[in-house]
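Pasting start_18.csv here (CSV, C-alpha atoms):
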chain,number,residue,atom,x,y,z
U,1,MET,CA,83.2,102.0,85.8
U,2,ARG,CA,86.8,101.3,86.1
U,3,ASN,CA,89.0,100.6,83.1
U,4,GLN,CA,91.5,97.8,83.1
U,5,TYR,CA,94.6,98.1,80.9
U,6,ASP,CA,96.8,95.3,79.6
U,7,PHE,CA,100.4,96.2,80.0
U,8,SER,CA,101.9,93.0,78.7
U,9,PRO,CA,103.0,94.6,75.3
U,10,LEU,CA,104.9,97.2,77.4
U,11,TYR,CA,106.7,94.5,79.4
U,12,ARG,CA,107.8,92.7,76.2
U,13,THR,CA,109.6,95.7,74.7
U,14,ALA,CA,110.6,98.0,77.6
U,15,ILE,CA,112.9,97.2,80.5
U,16,GLY,CA,112.8,98.9,83.9
U,17,PHE,CA,109.3,100.4,83.4
U,18,ASP,CA,107.5,97.9,85.7
U,19,ARG,CA,106.5,100.8,88.0
U,20,LEU,CA,104.6,102.4,85.2
U,21,ALA,CA,101.6,100.1,85.6
U,22,SER,CA,101.3,100.8,89.3
U,23,PHE,CA,101.8,104.5,88.7
U,24,ILE,CA,98.9,104.6,86.2
U,25,GLU,CA,96.7,102.5,88.4
U,26,ALA,CA,97.4,104.8,91.4
U,27,ALA,CA,96.7,107.9,89.2
U,28,SER,CA,93.4,106.5,88.0
U,29,ASN,CA,92.4,105.7,91.6
U,30,GLN,CA,93.3,109.2,92.7
U,31,SER,CA,91.4,110.8,89.9
U,32,ALA,CA,88.3,108.8,90.8
U,33,GLN,CA,88.6,110.0,94.4
U,34,SER,CA,89.3,113.6,93.5
U,35,GLN,CA,86.2,113.8,91.3
U,36,ASN,CA,84.2,113.4,94.5
U,37,ASN,CA,86.3,115.8,96.4
U,38,GLY,CA,87.6,118.9,94.6
U,39,TYR,CA,88.8,120.6,97.8
U,40,PRO,CA,91.0,122.5,97.9
U,41,PRO,CA,91.2,123.7,94.2
U,42,TYR,CA,94.7,123.7,92.8
U,43,ASN,CA,96.8,124.4,89.7
U,44,ILE,CA,99.9,122.7,88.4
U,45,GLU,CA,102.1,124.8,86.2
U,46,ALA,CA,105.2,124.0,84.0
U,47,VAL,CA,107.3,127.1,84.6
U,48,ASP,CA,109.9,125.9,82.2
U,49,GLU,CA,111.4,122.5,81.1
U,50,ASN,CA,112.8,121.7,84.6
U,51,HIS,CA,110.7,123.8,87.0
U,52,TYR,CA,107.1,123.3,88.1
U,53,ARG,CA,104.7,125.0,90.5
U,54,ILE,CA,101.7,123.7,92.4
U,55,THR,CA,99.3,126.3,93.7
U,56,LEU,CA,96.6,125.4,96.2
U,57,ALA,CA,93.8,127.7,97.3
U,58,VAL,CA,94.0,127.3,101.1
U,59,ALA,CA,92.1,130.4,102.3
U,60,GLY,CA,91.6,130.4,106.0
U,61,PHE,CA,94.5,128.1,106.8
U,62,ALA,CA,97.5,129.3,108.8
U,63,GLU,CA,101.1,128.1,108.2
U,64,ASP,CA,101.0,125.9,111.3
U,65,GLU,CA,97.8,124.2,110.0
U,66,LEU,CA,99.5,123.1,106.7
U,67,SER,CA,102.0,120.3,106.2
U,68,ILE,CA,104.0,119.4,103.1
U,69,VAL,CA,105.8,116.0,103.1
U,70,ALA,CA,107.9,114.7,100.2
U,71,ARG,CA,108.6,111.0,100.4
U,72,GLU,CA,109.8,108.6,97.7
U,73,ASN,CA,107.8,109.6,94.6
U,74,ALA,CA,104.9,111.3,96.4
U,75,LEU,CA,104.2,114.8,97.6
U,76,ILE,CA,101.5,115.0,100.3
U,77,VAL,CA,99.9,118.3,101.3
U,78,THR,CA,97.7,118.2,104.4
U,79,GLY,CA,95.6,120.9,106.0
U,80,THR,CA,94.3,120.4,109.5
U,81,LYS,CA,91.9,123.0,110.7
U,82,GLN,CA,92.4,124.0,114.4
U,83,LYS,CA,89.3,124.2,116.5
U,84,LYS,CA,88.3,127.7,117.6
U,85,ALA,CA,89.3,128.7,121.1
U,86,ASN,CA,85.8,129.9,122.1
U,87,ASN,CA,83.3,127.2,122.6
U,88,THR,CA,80.4,129.2,121.4
U,89,GLU,CA,78.3,127.7,118.6
U,90,THR,CA,78.2,130.0,115.6
U,91,LYS,CA,74.9,130.2,113.8
U,92,PHE,CA,75.5,130.6,110.1
U,93,LEU,CA,72.9,132.0,107.8
U,94,HIS,CA,75.1,130.8,104.9
U,95,GLN,CA,78.4,129.0,105.2
U,96,GLY,CA,80.3,129.0,101.9
U,97,ILE,CA,83.8,128.9,103.3
U,98,ALA,CA,84.9,125.4,103.9
U,99,GLU,CA,86.6,124.9,107.2
U,100,ARG,CA,87.5,121.3,106.9
U,101,GLY,CA,90.8,119.5,106.7
U,102,PHE,CA,92.2,118.0,103.5
U,103,GLU,CA,94.9,115.8,102.1
U,104,ARG,CA,96.2,116.1,98.5
U,105,LYS,CA,98.6,113.6,97.1
U,106,TYR,CA,100.7,114.1,94.0
U,107,GLN,CA,102.9,111.6,92.2
U,108,ILE,CA,106.3,113.1,91.3
U,109,ALA,CA,109.0,111.7,89.0
U,110,ASP,CA,112.3,110.3,90.3
U,111,HIS,CA,114.5,113.4,90.0
U,112,VAL,CA,111.9,116.0,90.9
U,113,LYS,CA,112.6,117.7,94.2
U,114,VAL,CA,110.6,120.2,96.2
U,115,LYS,CA,112.6,123.5,96.4
U,116,ALA,CA,110.4,125.9,98.3
U,117,ALA,CA,106.9,126.5,99.7
U,118,ASN,CA,105.3,129.8,100.3
U,119,LEU,CA,101.9,130.8,101.8
U,120,GLU,CA,100.7,134.2,100.4
U,121,ASN,CA,97.2,135.7,100.3
U,122,GLY,CA,95.5,132.4,100.9
U,123,LEU,CA,97.5,130.6,98.2
U,124,LEU,CA,100.1,127.9,98.9
U,125,PHE,CA,102.8,127.9,96.3
U,126,ILE,CA,105.1,124.8,96.1
U,127,GLU,CA,108.1,125.1,93.8
U,128,LEU,CA,109.5,121.9,92.3
U,129,GLU,CA,112.6,121.3,90.2
U,130,ARG,CA,113.8,118.4,88.1
U,131,GLU,CA,117.5,117.7,88.9
U,132,ILE,CA,118.9,115.3,86.4
U,133,PRO,CA,122.1,113.7,87.8
U,134,GLU,CA,125.2,114.1,85.7
U,135,ALA,CA,125.4,110.3,85.2
U,136,LEU,CA,122.0,110.3,83.5
U,137,LYS,CA,122.6,113.2,81.1
U,138,PRO,CA,123.3,112.3,77.5
U,139,LYS,CA,126.9,111.5,76.6
U,140,GLN,CA,128.6,111.6,73.2
U,141,ILE,CA,130.4,108.3,72.6
U,142,PRO,CA,133.3,108.7,70.3
U,143,ILE,CA,133.7,106.1,67.5
U,144,ASN,CA,137.3,104.7,67.3
U,145,GLY,CA,138.1,106.9,70.3
U,146,LYS,CA,139.3,106.3,73.8
U,147,ILE,CA,136.6,105.3,76.3
U,148,ASN,CA,138.3,107.5,78.9
U,149,SER,CA,137.7,110.7,77.0
U,150,VAL,CA,133.9,110.6,76.7
U,151,GLU,CA,132.4,114.2,76.6
U,152,THR,CA,128.9,115.2,77.3
U,153,LEU,CA,126.8,116.5,74.5
U,154,GLU,CA,126.6,119.9,76.2
U,155,THR,CA,130.3,120.4,76.3
U,156,LYS,CA,130.8,119.1,72.8
U,157,THR,CA,128.3,121.6,71.3
U,158,ALA,CA,129.4,124.6,73.4
Could the structure of this file be written out as structure tokens, please?
Amino acid sequence: MRNQYDFSPLYRTAIGFDRLASFIEAASNQSAQSQNNGYPPYNIEAVDENHYRITLAVAGFAEDELSIVARENALIVTGTKQKKANNTETKFLHQGIAERGFERKYQIADHVKVKAANLENGLLFIELEREIPEALKPKQIPINGKINSVETLETKTA
């Protein structure tokens, strides 16, 4: 069962948040799909206020079989398993190690950038950082002061 939300109160009081409804809808669609497919398992960590880490368990994948693409507000991690060179059919008595491809999509905020990716011991670590542009940082506006000499809150309190 899919829930429908009415965002009209948001639109009456908030300006510039029109992407929020589509973001929530995409997230709910993605969570419905991921309930059926939990492969590969992953963690999302908040390292600190502006740093994040995504860890995916990609045992059996080589670096050249993994792809990480950041575009617009999405991060897409894809694993494509290479076919084995020998054409012999393996007869498994039990096959618990998944050797299938995958695609994981993550929605990322406007100023979050991918800084690094590292594959170590079957875990893929993706480091992200929120970089707030200087123009978007809070600014102290002086009362009865000159507009030209506006200082940021950080320099005022330092």
Exercise for the section: Please identify all polymer residues lying at most 8 Å from the point (108.9, 114.3, 97.6) (file coordinates), using only C-alpha atoms, and present the result as number ranges by chain. Expected result: U: 69-76, 108, 112-114
Show which residues sit within 7 Å of range 98-100 of chain U, as a short mmCIF file (atom, residue, chain, number, x, y, z; two decimals) with C-alpha atoms, keeping the file's coordinate frame. Count all atoms listed in the file, and ignore same-chain residues fewer than 2 positions away.
data_model
loop_
_atom_site.label_atom_id
_atom_site.label_comp_id
_atom_site.auth_asym_id
_atom_site.auth_seq_id
_atom_site.Cartn_x
_atom_site.Cartn_y
_atom_site.Cartn_z
CA LYS U 81 91.90 123.00 110.70
CA GLY U 96 80.30 129.00 101.90
CA PHE U 102 92.20 118.00 103.50
#
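Summary of the local environment: counting all atoms listed in the file, residues at most 10 Å from range 129-131 of chain U, other than itself and those fewer than 3 positions away along its chain, are Val47, Asp48, Glu49, Asn50, His51, Tyr52, Arg53, Ile108, Ala109, Asp110, His111, Val112, Lys113, Val114, Lys115, Ala116 and Glu134 of chain U.
In terms of minimum interatomic distance to Gly60 in chain U, U:Thr80 ranks closest within U:Asn43, U:Gln107, U:Asn144, U:Thr80, counting all atoms listed in the file.
With all atoms listed in the file as the atoms that count, the residue of U:Ala46, U:Ile54, U:Leu119, U:Pro41 with the shortest distance to Leu66 in chain U is U:Leu119.
For the pair CA of Ile132 in chain U and CA of Glu45 in chain U, the interatomic distance is 19.3 Å.
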